[in-house]
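Heads up, the thing below is written out as structure tokens.
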Amino acid sequence: MNNSDLAQILIRAVEEADSSDRLLDAVQELAAAGIKESVPTLIAALGYNNPGAAVAAVDGLIAIGEAAVPSLLELIDDYNYSARAWAIRALAGIGDVRALDTLLEAAKTDFSLSVRRAAARGLGTLRWHQLPPEKVESVQTQVLEALLLISQDPEWVVRYAAVTSLETLAMSGDNPQSGNAIATTLPDQASRITNQLQQILDNDADLGVRTRVKFAQQKIQQQQHQEVFAPKRKLEDADVSEVPHRGGGRR
């Protein structure tokens with residue numbers, strides 16, 4: 001049985017489900033298959049009055065990845081807010097740069113704290129290699145400005161997500177999907193992140209957010225330490241390789 005045939009069987013099971021439990025099971029099986037043809041049905045499941053099925057559909061769409069993005073972006077204009085919120089979660093999980101404007105708007109203005117949180121996390125997982133090289137700096141600057149603002153959100157879970165994304169921006173090479181982070185492309189801006197993290201640590205009322213900031217600071221400092229000493233270690237290794245082994249050569 002090929003993927004197309006399997007997709008049709010699983011899609012039919014979703015369409016014919018006659019109870020919440022059967023719908024949940026059918027969507028979970030369809031999502032687990034990870035077949036591109038299932039994207040429209042998984043997106044439709046985002047609008048069902050079944051949170052479990054919506055979560056499964058989001059997971060399936062994230063697993064399918066870039067192929068699901070155009071259809072998800074079309075859904076953003078739908079009047080069904082619930083479906084729109086789930087779509088934003090899926091886009092955040094995929095990290096495709098085509099969703100940048102949607103994620104920026106949602107992270108800054110959506111009334112749902114869970115949507116703002118998902119969008120803030122999504123801004124930290126964008127795949128920069130999808131952008132033309134000449135646009136990376138300007139887009140990263142836009143994302144940085146947004147995250148600095150979002151890190152002051154009234155809800156602690158949104159601030160927590162913003163801290164996570166600021167950490168990702170500050171570190172180069174830490175996220176293989178993202179490619180170059182701001183430490184490489186905009187080194188002059190990196191201090192804005194470290195300063196903001198320290199300000200959050202000094203002033204945020206929530207212990208969880210402050211603890212997450214400490215973790216981010218440790219990771220950033222660790223990478224900076226490695227970058228400083230890595231050239232020295234390479235030089236020392238080169239020097240050692242040039243020293244002849246005792247007993248080597250002619251006697």
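Letters for chains follow the order of the structure tokens (A, B, ...), residue numbers begin at 1 for each chain, and ligand numbers begin at 1 in the order shown.
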What lies within 9 Å of region 156-168 of chain A using only C-alpha atoms, ignoring chain neighbours under 4 positions off, as JSON, numbers by chain?
-> {"A": [107, 113, 114, 115, 116, 117, 118, 119, 120, 121, 122, 123, 124, 125, 144, 147, 148, 149, 150, 151, 152, 172, 174, 175, 181, 182, 193, 194, 197, 200, 204, 205, 206, 208, 209, 210, 212, 213, 216, 217, 219, 220]}
Asp21 (chain A) surroundings by only C-alpha atoms, 12 Å radius, close-in-sequence under 3 positions cut, as a PDB file with all heavy atoms, in the first residue's frame:
```pdb
ATOM      1  N   VAL A  14     -11.266   9.636   9.697  1.00  0.00           N
ATOM      2  CA  VAL A  14     -11.528  10.912  10.372  1.00  0.00           C
ATOM      3  C   VAL A  14     -12.909  11.421   9.993  1.00  0.00           C
ATOM      4  O   VAL A  14     -13.698  11.845  10.849  1.00  0.00           O
ATOM      5  CB  VAL A  14     -10.447  11.953  10.008  1.00  0.00           C
ATOM      6  CG1 VAL A  14     -10.827  13.333  10.560  1.00  0.00           C
ATOM      7  CG2 VAL A  14      -9.090  11.523  10.535  1.00  0.00           C
ATOM      8  N   ALA A  17     -15.763   9.357  11.631  1.00  0.00           N
ATOM      9  CA  ALA A  17     -15.775   9.192  13.094  1.00  0.00           C
ATOM     10  C   ALA A  17     -17.101   9.703  13.658  1.00  0.00           C
ATOM     11  O   ALA A  17     -17.528  10.826  13.353  1.00  0.00           O
ATOM     12  CB  ALA A  17     -14.602   9.933  13.716  1.00  0.00           C
ATOM     13  N   ASP A  18     -17.743   8.896  14.496  1.00  0.00           N
ATOM     14  CA  ASP A  18     -19.072   9.256  15.002  1.00  0.00           C
ATOM     15  C   ASP A  18     -19.080   9.524  16.506  1.00  0.00           C
ATOM     16  O   ASP A  18     -20.142   9.554  17.130  1.00  0.00           O
ATOM     17  CB  ASP A  18     -20.084   8.164  14.656  1.00  0.00           C
ATOM     18  CG  ASP A  18     -19.653   6.796  15.181  1.00  0.00           C
ATOM     19  OD1 ASP A  18     -18.607   6.714  15.861  1.00  0.00           O
ATOM     20  OD2 ASP A  18     -20.373   5.807  14.910  1.00  0.00           O
ATOM     21  N   LEU A  24     -10.733  11.432  17.923  1.00  0.00           N
ATOM     22  CA  LEU A  24      -9.395  11.612  18.475  1.00  0.00           C
ATOM     23  C   LEU A  24      -8.465  10.507  17.976  1.00  0.00           C
ATOM     24  O   LEU A  24      -7.339  10.788  17.525  1.00  0.00           O
ATOM     25  CB  LEU A  24      -9.456  11.613  20.002  1.00  0.00           C
ATOM     26  CG  LEU A  24      -8.107  11.637  20.739  1.00  0.00           C
ATOM     27  CD1 LEU A  24      -7.284  12.848  20.328  1.00  0.00           C
ATOM     28  CD2 LEU A  24      -8.325  11.608  22.246  1.00  0.00           C
ATOM     29  N   ASP A  25      -8.915   9.271  18.050  1.00  0.00           N
ATOM     30  CA  ASP A  25      -8.090   8.142  17.602  1.00  0.00           C
ATOM     31  C   ASP A  25      -7.754   8.268  16.117  1.00  0.00           C
ATOM     32  O   ASP A  25      -6.605   8.033  15.698  1.00  0.00           O
ATOM     33  CB  ASP A  25      -8.812   6.816  17.850  1.00  0.00           C
ATOM     34  CG  ASP A  25      -8.927   6.481  19.336  1.00  0.00           C
ATOM     35  OD1 ASP A  25      -8.175   7.063  20.139  1.00  0.00           O
ATOM     36  OD2 ASP A  25      -9.793   5.643  19.688  1.00  0.00           O
ATOM     37  N   ALA A  26      -8.746   8.651  15.317  1.00  0.00           N
ATOM     38  CA  ALA A  26      -8.536   8.737  13.867  1.00  0.00           C
ATOM     39  C   ALA A  26      -7.555   9.852  13.514  1.00  0.00           C
ATOM     40  O   ALA A  26      -6.676   9.684  12.653  1.00  0.00           O
ATOM     41  CB  ALA A  26      -9.873   8.962  13.159  1.00  0.00           C
ATOM     42  N   VAL A  27      -7.680  11.004  14.180  1.00  0.00           N
ATOM     43  CA  VAL A  27      -6.771  12.118  13.909  1.00  0.00           C
ATOM     44  C   VAL A  27      -5.357  11.755  14.360  1.00  0.00           C
ATOM     45  O   VAL A  27      -4.370  12.085  13.682  1.00  0.00           O
ATOM     46  CB  VAL A  27      -7.265  13.410  14.591  1.00  0.00           C
ATOM     47  CG1 VAL A  27      -6.217  14.521  14.453  1.00  0.00           C
ATOM     48  CG2 VAL A  27      -8.587  13.862  13.981  1.00  0.00           C
ATOM     49  N   GLN A  28      -5.237  11.093  15.490  1.00  0.00           N
ATOM     50  CA  GLN A  28      -3.918  10.680  15.968  1.00  0.00           C
ATOM     51  C   GLN A  28      -3.235   9.746  14.976  1.00  0.00           C
ATOM     52  O   GLN A  28      -2.042   9.881  14.708  1.00  0.00           O
ATOM     53  CB  GLN A  28      -4.043  10.015  17.339  1.00  0.00           C
ATOM     54  CG  GLN A  28      -4.330  10.983  18.468  1.00  0.00           C
ATOM     55  CD  GLN A  28      -4.534  10.296  19.797  1.00  0.00           C
ATOM     56  OE1 GLN A  28      -4.939   9.126  19.853  1.00  0.00           O
ATOM     57  NE2 GLN A  28      -4.266  11.005  20.893  1.00  0.00           N
ATOM     58  N   ASN A  50     -12.800  19.662  19.596  1.00  0.00           N
ATOM     59  CA  ASN A  50     -12.154  18.510  20.199  1.00  0.00           C
ATOM     60  C   ASN A  50     -10.675  18.862  20.432  1.00  0.00           C
ATOM     61  O   ASN A  50      -9.838  18.647  19.553  1.00  0.00           O
ATOM     62  CB  ASN A  50     -12.293  17.282  19.282  1.00  0.00           C
ATOM     63  CG  ASN A  50     -11.825  15.996  19.950  1.00  0.00           C
ATOM     64  OD1 ASN A  50     -10.811  15.966  20.646  1.00  0.00           O
ATOM     65  ND2 ASN A  50     -12.567  14.922  19.723  1.00  0.00           N
ATOM     66  N   PRO A  51     -10.354  19.406  21.597  1.00  0.00           N
ATOM     67  CA  PRO A  51      -8.973  19.850  21.858  1.00  0.00           C
ATOM     68  C   PRO A  51      -7.935  18.752  21.677  1.00  0.00           C
ATOM     69  O   PRO A  51      -6.836  19.008  21.178  1.00  0.00           O
ATOM     70  CB  PRO A  51      -9.031  20.329  23.309  1.00  0.00           C
ATOM     71  CG  PRO A  51     -10.460  20.688  23.538  1.00  0.00           C
ATOM     72  CD  PRO A  51     -11.255  19.715  22.718  1.00  0.00           C
ATOM     73  N   GLY A  52      -8.266  17.520  22.064  1.00  0.00           N
ATOM     74  CA  GLY A  52      -7.321  16.431  21.899  1.00  0.00           C
ATOM     75  C   GLY A  52      -6.983  16.191  20.441  1.00  0.00           C
ATOM     76  O   GLY A  52      -5.808  15.989  20.074  1.00  0.00           O
ATOM     77  N   ALA A  53      -7.999  16.218  19.598  1.00  0.00           N
ATOM     78  CA  ALA A  53      -7.781  16.040  18.161  1.00  0.00           C
ATOM     79  C   ALA A  53      -6.975  17.203  17.594  1.00  0.00           C
ATOM     80  O   ALA A  53      -6.124  17.017  16.710  1.00  0.00           O
ATOM     81  CB  ALA A  53      -9.119  15.915  17.441  1.00  0.00           C
TER      82      ALA A  53
END
```
Mind the document's chain letters and residue numbers, and return as an NGL selection string the residues of region 7-189 of chain A that DSSP labels alpha helix (DSSP H).
-> :A and (7-16 or 20-33 or 39-45 or 51-64 or 69-75 or 81-94 or 100-109 or 113-123 or 133-150 or 156-170 or 182-185)
Would you work out the distance separating CA of Arg127 (chain A) from CA of Asn3 (chain A), expressed in Å to one decimal?
->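 A separation of 27.6 Å between them.
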Would you list the contacts of region 41-45 of chain A as a list of chain:residue names, taking every protein, DNA or RNA residue within 7 Å and counting only C-alpha atoms, but skipping same-chain residues closer than 4 positions in sequence?
->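 Result of the neighbour search: A:Ile11, A:Ala53, A:Ala54, A:Ala57.
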For the selection you just gave me, I'd like the residues written to a file as a PDB file, in the first residue's frame, keeping all heavy atoms.
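Below is the file again_34.pdb, written as the result:
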```pdb
ATOM      1  N   ILE A  11      -7.876   9.280   6.190  1.00  0.00           N
ATOM      2  CA  ILE A  11      -8.735  10.469   6.056  1.00  0.00           C
ATOM      3  C   ILE A  11     -10.202  10.068   6.169  1.00  0.00           C
ATOM      4  O   ILE A  11     -11.005  10.742   6.827  1.00  0.00           O
ATOM      5  CB  ILE A  11      -8.456  11.184   4.723  1.00  0.00           C
ATOM      6  CG1 ILE A  11      -7.096  11.872   4.763  1.00  0.00           C
ATOM      7  CG2 ILE A  11      -9.557  12.199   4.411  1.00  0.00           C
ATOM      8  CD1 ILE A  11      -6.625  12.394   3.419  1.00  0.00           C
ATOM      9  N   ALA A  53      -7.999  16.218  19.598  1.00  0.00           N
ATOM     10  CA  ALA A  53      -7.781  16.040  18.161  1.00  0.00           C
ATOM     11  C   ALA A  53      -6.975  17.203  17.594  1.00  0.00           C
ATOM     12  O   ALA A  53      -6.124  17.017  16.710  1.00  0.00           O
ATOM     13  CB  ALA A  53      -9.119  15.915  17.441  1.00  0.00           C
ATOM     14  N   ALA A  54      -7.233  18.410  18.103  1.00  0.00           N
ATOM     15  CA  ALA A  54      -6.486  19.577  17.626  1.00  0.00           C
ATOM     16  C   ALA A  54      -5.012  19.464  17.983  1.00  0.00           C
ATOM     17  O   ALA A  54      -4.131  19.777  17.173  1.00  0.00           O
ATOM     18  CB  ALA A  54      -7.086  20.853  18.214  1.00  0.00           C
ATOM     19  N   ALA A  57      -3.485  17.018  15.665  1.00  0.00           N
ATOM     20  CA  ALA A  57      -3.348  17.601  14.333  1.00  0.00           C
ATOM     21  C   ALA A  57      -2.168  18.551  14.263  1.00  0.00           C
ATOM     22  O   ALA A  57      -1.421  18.574  13.278  1.00  0.00           O
ATOM     23  CB  ALA A  57      -4.641  18.316  13.945  1.00  0.00           C
TER      24      ALA A  57
END
```
Neighbours of Leu91 (chain A) within 12 Å (only C-alpha atoms; same-chain residues fewer than 3 positions away dropped), as an MDAnalysis selection string?
-> chainID A and resid 43 58:76 84:88 94:104 106 115 118:123 125:127
